[in-house]
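Trainee: One structure, pasted below without further comment.
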Amino acid sequence: MSAIVLDGTDPDAVARAARAIVDGAALVAIPTETVYGLAANALDERAVAQVFAAKGRPQDNPLIVHVPDWAHALPLWAKDDAVAIERARALAHAFWPGPLTIVCWKSLAVPDVVCAGLPKVAVRAPRHPVLDLLFARLDVPIAAPSANASGRPSPTCAADVVATLGEHIELVLDGGPCAHGIESSVVDVTGEHPVLLRPGAVEVAALRAVVPDLVVRAPGTAAHGDEASPGLRHRHYAPALARVRLAGAAELGAAWPGAATLLVREGTARALRARHGTRAAPLHTLDDEPAGFARGLYGALYRIERERPAELVIEEPPTDEAWLAVCDRLLRATS
Ligand code: AMP
Ligand code: MG
């Protein structure tokens, strides 16, 4: 079996995907503005279990629930913690529809399997024209992790969904390349201060404008044994290559004449070429700015994988906060 790719702007294709999700009869991958997701009716425990099985996802890694808007998010959360709900409301008002996931106390409507047994549920309203069409045909929330086999890079186009999960799912709704190409930012609003559980497509500076007391951890420090965001425990985003490593400026200079495949920023490639001449081994480049770099990163990893290099050397990202999400993904892809 290999998944069928359908045009997500075709109303018949969307109707077919909506039926499959409601019936829980077949697994469907959907586009979002962050990365492609593997969709299940969030209220159907059996369908959600199938998503975990298809991805080979550890049972302790909860899923994000996708809804069309704030009104559809509210029933998924318990209302007792008024401070938390007000924070959630402010964040949703500022960033929805968009790439921000909000973690708050779950209501009884949400099955435990979605939250991996945790007392909280992660919810977001995505911004994508294909999902607008899909939500118009669905009256259930969609539980959707990224549409990759567990541990692999998230797919940012329909072809990469097929490359990583094609044998395990039936349908891919093609919505074109993802606008952000990196996962949503995840904020837990339940504590004394809101906590950034996972850096993502919404920049930290933009989040702080709404929740100034946001707690942000240094990249890599939450990678293991973090109970608050179980997904961070697991190796993730890694291309299927024997040797992948990060390299700073000096190491890149040393690697330039060698046989390893390089993945660096465009400006860095220009500087290295000016200094050391052209290189014979494969060179892949990404945008100099963090948003453009993030947009291209996972697609580049899938492309490079297909070339089967003996070694991939990736440029170490800058340490400033605008690069936090990229930094987090690269550290976890190479650890
Ligand atoms: P993915 O769907 O692969 O993008 O991963 C979703 C991530 O969101 C998980 O790995 C967690 O880090 C985070 N997350 C989802 N649900 C919860 C939750 N209930 N509590 C804390 N973090 C969550
Ligand atoms: Mg994922």
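By convention in this document, the chains of the structure tokens carry letters A, B, ... by their order, each chain's residues are numbered from 1, and ligands are numbered from 1 in the order they are shown.
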Could you please write out, as an MDAnalysis selection string, every residue of region 156-237 of chain A that DSSP assigns to alpha helix (DSSP H)?

Mentor: chainID A and resid 158:165 204:210

Trainee: Let me see the file: selected residues, N, CA, C and O atoms, as a compact mmCIF listing (two decimals), in the first residue's frame.

Mentor:
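Result file follows (selection_19.txt):
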# COMPACT_ATOMS: atom_id res chain seq x y z
N ALA A 158 3.67 17.31 0.53
CA ALA A 158 2.97 16.03 0.42
C ALA A 158 3.95 14.90 0.07
O ALA A 158 3.84 13.78 0.59
N ALA A 159 4.93 15.19 -0.78
CA ALA A 159 5.87 14.14 -1.20
C ALA A 159 6.67 13.60 -0.02
O ALA A 159 6.96 12.41 0.06
N ASP A 160 7.02 14.49 0.93
CA ASP A 160 7.79 14.02 2.09
C ASP A 160 6.92 13.23 3.06
O ASP A 160 7.43 12.36 3.78
N VAL A 161 5.60 13.51 3.09
CA VAL A 161 4.70 12.66 3.89
C VAL A 161 4.74 11.24 3.32
O VAL A 161 4.90 10.26 4.06
N VAL A 162 4.63 11.14 2.00
CA VAL A 162 4.65 9.83 1.34
C VAL A 162 5.99 9.14 1.61
O VAL A 162 6.04 7.94 1.90
N ALA A 163 7.08 9.92 1.58
CA ALA A 163 8.41 9.33 1.81
C ALA A 163 8.53 8.72 3.20
O ALA A 163 9.12 7.66 3.38
N THR A 164 7.94 9.37 4.21
CA THR A 164 8.15 8.88 5.58
C THR A 164 7.03 7.97 6.08
O THR A 164 7.29 7.05 6.86
N LEU A 165 5.79 8.18 5.63
CA LEU A 165 4.65 7.41 6.19
C LEU A 165 3.78 6.76 5.13
O LEU A 165 2.76 6.16 5.47
N VAL A 204 9.71 34.15 20.16
CA VAL A 204 9.62 34.41 21.60
C VAL A 204 9.26 35.88 21.86
O VAL A 204 8.44 36.19 22.73
N ALA A 205 9.85 36.79 21.10
CA ALA A 205 9.59 38.22 21.31
C ALA A 205 8.10 38.53 21.12
O ALA A 205 7.53 39.32 21.88
N ALA A 206 7.47 37.89 20.14
CA ALA A 206 6.04 38.13 19.90
C ALA A 206 5.20 37.56 21.04
O ALA A 206 4.21 38.16 21.46
N LEU A 207 5.59 36.40 21.58
CA LEU A 207 4.87 35.81 22.71
C LEU A 207 4.98 36.70 23.94
O LEU A 207 4.00 36.94 24.65
N ARG A 208 6.19 37.23 24.19
CA ARG A 208 6.42 38.07 25.37
C ARG A 208 5.58 39.35 25.31
O ARG A 208 5.23 39.90 26.35
N ALA A 209 5.27 39.81 24.10
CA ALA A 209 4.45 41.02 23.99
C ALA A 209 3.07 40.77 24.59
O ALA A 209 2.39 41.69 25.03
N VAL A 210 2.62 39.51 24.61
CA VAL A 210 1.29 39.17 25.15
C VAL A 210 1.41 38.64 26.58
O VAL A 210 0.59 38.96 27.44

Trainee: Under the rule of at most 10 Å, produce a per-residue listing of chain A near ligand 2: chain, number, name, the closest pair of atoms, and the distance in Å, as CSV, using only C-alpha atoms and all ligand atoms.

Mentor:
residue,atom,partner,partner_atom_place_in_ligand_line,distance
A:Val35,CA,ligand 2,1 (Mg),8.9
A:Tyr36,CA,ligand 2,1 (Mg),9.6
A:Gly37,CA,ligand 2,1 (Mg),8.5
A:Leu38,CA,ligand 2,1 (Mg),9.8
A:Lys55,CA,ligand 2,1 (Mg),9.5
A:Arg57,CA,ligand 2,1 (Mg),9.0
A:Asn61,CA,ligand 2,1 (Mg),9.4
A:Leu63,CA,ligand 2,1 (Mg),8.9
A:Ile64,CA,ligand 2,1 (Mg),9.8
A:Ala144,CA,ligand 2,1 (Mg),9.3
A:Pro145,CA,ligand 2,1 (Mg),5.6
A:Ser146,CA,ligand 2,1 (Mg),4.3
A:Ala147,CA,ligand 2,1 (Mg),7.3
A:Asn148,CA,ligand 2,1 (Mg),6.9
A:Ala149,CA,ligand 2,1 (Mg),8.6
A:Ser150,CA,ligand 2,1 (Mg),7.1
A:Gly151,CA,ligand 2,1 (Mg),7.5
A:Arg152,CA,ligand 2,1 (Mg),8.0
A:Pro153,CA,ligand 2,1 (Mg),7.7
A:Ser154,CA,ligand 2,1 (Mg),6.1
A:Pro155,CA,ligand 2,1 (Mg),9.3
A:Ile182,CA,ligand 2,1 (Mg),9.8
A:Glu183,CA,ligand 2,1 (Mg),7.7
A:Gly231,CA,ligand 2,1 (Mg),8.0
A:Leu232,CA,ligand 2,1 (Mg),9.9
A:His236,CA,ligand 2,1 (Mg),7.3
A:Tyr237,CA,ligand 2,1 (Mg),7.6

Trainee: Using only C-alpha atoms, pick whichever of A:Arg19, A:Arg89, A:His168, A:His180 has the shortest atom-to-atom distance to Thr156 (chain A).

Mentor: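 Smallest separation from Thr156 (chain A) among the options: A:His180.
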
Trainee: For Leu312 (chain A), please output as a short mmCIF file (atom, residue, chain, number, x, y, z; two decimals) with all heavy atoms, in the first residue's frame all residues within 7 Å (counting only C-alpha atoms; exclusion window: fewer than 4 positions along the same chain).

Mentor:
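Contents of selection-v2.cif, as written:
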data_model
loop_
_atom_site.label_atom_id
_atom_site.label_comp_id
_atom_site.auth_asym_id
_atom_site.auth_seq_id
_atom_site.Cartn_x
_atom_site.Cartn_y
_atom_site.Cartn_z
N ARG A 243 25.82 9.42 10.02
CA ARG A 243 26.59 10.46 10.70
C ARG A 243 26.06 11.85 10.35
O ARG A 243 26.08 12.26 9.20
CB ARG A 243 28.07 10.35 10.30
CG ARG A 243 28.70 9.03 10.73
CD ARG A 243 30.15 8.96 10.31
NE ARG A 243 30.97 9.94 11.03
CZ ARG A 243 32.16 10.36 10.61
NH1 ARG A 243 32.65 9.94 9.47
NH2 ARG A 243 32.84 11.22 11.32
N VAL A 244 25.56 12.54 11.37
CA VAL A 244 25.11 13.93 11.23
C VAL A 244 25.70 14.71 12.38
O VAL A 244 25.62 14.27 13.53
CB VAL A 244 23.57 14.04 11.33
CG1 VAL A 244 23.12 15.45 10.98
CG2 VAL A 244 22.89 13.03 10.44
N ARG A 245 26.32 15.85 12.10
CA ARG A 245 26.83 16.66 13.22
C ARG A 245 26.72 18.15 12.91
O ARG A 245 26.62 18.54 11.74
CB ARG A 245 28.27 16.28 13.56
CG ARG A 245 29.27 16.58 12.46
CD ARG A 245 30.67 16.11 12.86
NE ARG A 245 31.59 16.23 11.74
CZ ARG A 245 32.38 17.29 11.53
NH1 ARG A 245 32.34 18.32 12.35
NH2 ARG A 245 33.20 17.33 10.49
N ALA A 260 32.35 15.26 3.06
CA ALA A 260 31.04 15.31 3.72
C ALA A 260 30.10 16.25 2.96
O ALA A 260 30.55 17.23 2.36
CB ALA A 260 31.19 15.78 5.16
N THR A 261 28.80 15.96 3.00
CA THR A 261 27.80 16.90 2.48
C THR A 261 27.63 18.01 3.50
O THR A 261 27.58 17.75 4.70
CB THR A 261 26.47 16.15 2.26
OG1 THR A 261 26.65 15.26 1.16
CG2 THR A 261 25.32 17.11 1.95
N LEU A 262 27.55 19.26 3.01
CA LEU A 262 27.39 20.40 3.92
C LEU A 262 26.01 21.03 3.76
O LEU A 262 25.48 21.11 2.65
CB LEU A 262 28.43 21.48 3.63
CG LEU A 262 29.91 21.19 3.92
CD1 LEU A 262 30.72 22.50 3.83
CD2 LEU A 262 30.08 20.57 5.30
#

Trainee: List the neighbours of region 75-83 of chain A out to 7 Å using only C-alpha atoms; skip same-chain residues closer than 3 positions along the sequence, and give me the result as a compact mmCIF listing (two decimals) with all heavy atoms, in the first residue's frame.

Mentor:
# COMPACT_ATOMS: atom_id res chain seq x y z
N HIS A 72 -14.43 26.63 19.60
CA HIS A 72 -14.32 25.17 19.57
C HIS A 72 -13.21 24.66 20.51
O HIS A 72 -13.17 23.47 20.81
CB HIS A 72 -14.04 24.69 18.14
CG HIS A 72 -15.25 24.81 17.25
ND1 HIS A 72 -15.60 26.00 16.64
CD2 HIS A 72 -16.18 23.90 16.89
CE1 HIS A 72 -16.69 25.81 15.93
NE2 HIS A 72 -17.07 24.55 16.07
N GLU A 86 -7.94 32.76 31.15
CA GLU A 86 -7.77 34.14 30.67
C GLU A 86 -6.46 34.31 29.89
O GLU A 86 -6.41 34.98 28.87
CB GLU A 86 -7.85 35.15 31.82
CG GLU A 86 -9.27 35.49 32.20
CD GLU A 86 -10.20 35.67 30.98
OE1 GLU A 86 -9.90 36.51 30.10
OE2 GLU A 86 -11.22 34.95 30.88
N ARG A 87 -5.41 33.66 30.38
CA ARG A 87 -4.14 33.69 29.63
C ARG A 87 -4.30 33.03 28.27
O ARG A 87 -3.81 33.52 27.26
CB ARG A 87 -3.08 32.92 30.40
CG ARG A 87 -2.30 33.73 31.37
CD ARG A 87 -1.07 32.90 31.72
NE ARG A 87 -0.50 33.35 32.97
CZ ARG A 87 -0.23 32.55 34.00
NH1 ARG A 87 -0.48 31.26 33.93
NH2 ARG A 87 0.29 33.04 35.08
N CYS A 104 -3.54 23.66 28.50
CA CYS A 104 -4.32 24.05 29.67
C CYS A 104 -5.01 22.80 30.22
O CYS A 104 -5.02 21.75 29.56
CB CYS A 104 -5.33 25.13 29.26
SG CYS A 104 -6.07 26.02 30.64
N TRP A 105 -5.61 22.91 31.42
CA TRP A 105 -6.28 21.74 32.04
C TRP A 105 -7.33 21.16 31.12
O TRP A 105 -8.15 21.90 30.59
CB TRP A 105 -6.91 22.14 33.37
CG TRP A 105 -5.94 22.77 34.32
CD1 TRP A 105 -5.92 24.09 34.70
CD2 TRP A 105 -4.83 22.14 34.98
NE1 TRP A 105 -4.86 24.31 35.56
CE2 TRP A 105 -4.18 23.13 35.74
CE3 TRP A 105 -4.33 20.84 34.98
CZ2 TRP A 105 -3.05 22.86 36.52
CZ3 TRP A 105 -3.19 20.57 35.76
CH2 TRP A 105 -2.58 21.57 36.50
N LYS A 106 -7.36 19.84 30.97
CA LYS A 106 -8.30 19.22 30.04
C LYS A 106 -9.69 19.06 30.67
O LYS A 106 -9.82 18.94 31.88
CB LYS A 106 -7.77 17.86 29.56
CG LYS A 106 -7.97 16.71 30.52
CD LYS A 106 -7.29 15.46 30.01
CE LYS A 106 -8.17 14.36 29.51
NZ LYS A 106 -9.47 14.11 30.05
N SER A 107 -10.70 19.08 29.81
CA SER A 107 -12.06 18.77 30.27
C SER A 107 -12.31 17.27 30.07
O SER A 107 -11.50 16.56 29.46
CB SER A 107 -13.08 19.57 29.45
OG SER A 107 -13.20 18.98 28.16
N ALA A 109 -14.28 16.00 28.12
CA ALA A 109 -14.58 15.70 26.71
C ALA A 109 -13.39 15.04 26.01
O ALA A 109 -13.56 14.34 25.02
CB ALA A 109 -14.95 16.99 25.98
N VAL A 110 -12.18 15.28 26.52
CA VAL A 110 -10.98 14.82 25.81
C VAL A 110 -10.55 13.44 26.32
O VAL A 110 -10.27 13.28 27.51
CB VAL A 110 -9.81 15.81 26.01
CG1 VAL A 110 -8.60 15.39 25.20
CG2 VAL A 110 -10.25 17.22 25.63

Trainee: Tell me which of A:Val103, A:Val123, A:Ala40, A:Ala26 sits closest to Ile4 (chain A), counting only C-alpha atoms.

Mentor: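 Counting only C-alpha atoms, the residue closest to Ile4 (chain A) is A:Ala26.
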
Trainee: Could you pull the residues within 12 Å of Pro257 (chain A), counting only C-alpha atoms, minus those fewer than 3 positions along the same chain, as a VMD selection string?

Mentor: chain A and resid 251 to 254 260 to 262 272 to 273 275 to 283

Trainee: Which value, in Å to one decimal, gives the distance between CA of Asp44 (chain A) and CA of Ala29 (chain A)?

Mentor: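 A separation of 16.7 Å between them.
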
Trainee: Set the distance at 9 Å and use only C-alpha atoms: which residues neighbour Ala125 (chain A) once local chain neighbours fewer than 2 positions away are removed? I'd like the list as a PyMOL selection string.

Mentor: chain A and resi 65-70+72-73+92+95-101+123+127

Trainee: Compile the contact shell of Val114 (chain A) as an mmCIF file with N, CA, C and O atoms, in the first residue's frame: residues with an atom at most 8 Å away, counting only C-alpha atoms, same-chain residues fewer than 6 positions apart removed.

Mentor:
data_model
loop_
_atom_site.group_PDB
_atom_site.id
_atom_site.type_symbol
_atom_site.label_atom_id
_atom_site.label_comp_id
_atom_site.auth_asym_id
_atom_site.auth_seq_id
_atom_site.Cartn_x
_atom_site.Cartn_y
_atom_site.Cartn_z
ATOM 1 N N ALA A 42 -10.416 13.546 17.340
ATOM 2 C CA ALA A 42 -9.825 13.578 18.683
ATOM 3 C C ALA A 42 -10.727 12.932 19.726
ATOM 4 O O ALA A 42 -10.273 12.608 20.821
ATOM 5 N N GLU A 45 -11.211 7.302 20.521
ATOM 6 C CA GLU A 45 -9.993 6.702 21.085
ATOM 7 C C GLU A 45 -9.328 5.715 20.142
ATOM 8 O O GLU A 45 -8.105 5.634 20.065
ATOM 9 N N VAL A 48 -7.456 7.565 17.407
ATOM 10 C CA VAL A 48 -6.236 8.179 17.955
ATOM 11 C C VAL A 48 -5.166 7.113 18.168
ATOM 12 O O VAL A 48 -3.984 7.330 17.854
ATOM 13 N N PRO A 62 2.009 13.100 24.050
ATOM 14 C CA PRO A 62 0.635 13.539 23.751
ATOM 15 C C PRO A 62 0.491 14.234 22.392
ATOM 16 O O PRO A 62 1.469 14.714 21.833
ATOM 17 N N LEU A 63 -0.745 14.288 21.893
ATOM 18 C CA LEU A 63 -1.029 14.899 20.587
ATOM 19 C C LEU A 63 -1.608 16.297 20.767
ATOM 20 O O LEU A 63 -2.232 16.598 21.782
ATOM 21 N N ILE A 64 -1.435 17.131 19.751
ATOM 22 C CA ILE A 64 -2.065 18.452 19.729
ATOM 23 C C ILE A 64 -3.440 18.316 19.076
ATOM 24 O O ILE A 64 -3.586 17.645 18.049
ATOM 25 N N VAL A 121 -4.427 19.351 28.126
ATOM 26 C CA VAL A 121 -4.494 19.078 26.690
ATOM 27 C C VAL A 121 -3.954 20.279 25.907
ATOM 28 O O VAL A 121 -4.162 21.434 26.283
ATOM 29 N N ALA A 143 -7.181 15.506 16.334
ATOM 30 C CA ALA A 143 -5.889 15.249 16.983
ATOM 31 C C ALA A 143 -4.892 14.972 15.868
ATOM 32 O O ALA A 143 -5.131 14.111 15.025
#

Trainee: Go ahead and compute the interatomic distance for CA of Ala116 (chain A) and CA of Thr190 (chain A), in Å to one decimal.

Mentor: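 Between CA of Ala116 (chain A) and CA of Thr190 (chain A) the gap works out to 17.5 Å.
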
Trainee: DSSP on the backbone: which residues in region 257-329 of chain A end up as strand (DSSP E or B)? Give the answer as a count of residues only.

Mentor: 13

Trainee: For ligand 1, which of A:Ala17, A:Leu6, A:Val140, A:Val189 is the closest residue, counting only C-alpha atoms and all ligand atoms?

Mentor: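 Going through A:Ala17, A:Leu6, A:Val140, A:Val189 one by one, the smallest distance to ligand 1 is for A:Val189.
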
Trainee: Just the number, please: distance in Å from CA of Gln59 (chain A) to CA of Pro239 (chain A), one decimal.

Mentor: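 Interatomic distance, CA of Gln59 (chain A) to CA of Pro239 (chain A): 22.1 Å.
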
Trainee: Between A:Cys115, A:Leu324, A:Val313, A:Leu214, which is the closest to Trp256 (chain A) once you count only C-alpha atoms?

Mentor: A:Val313
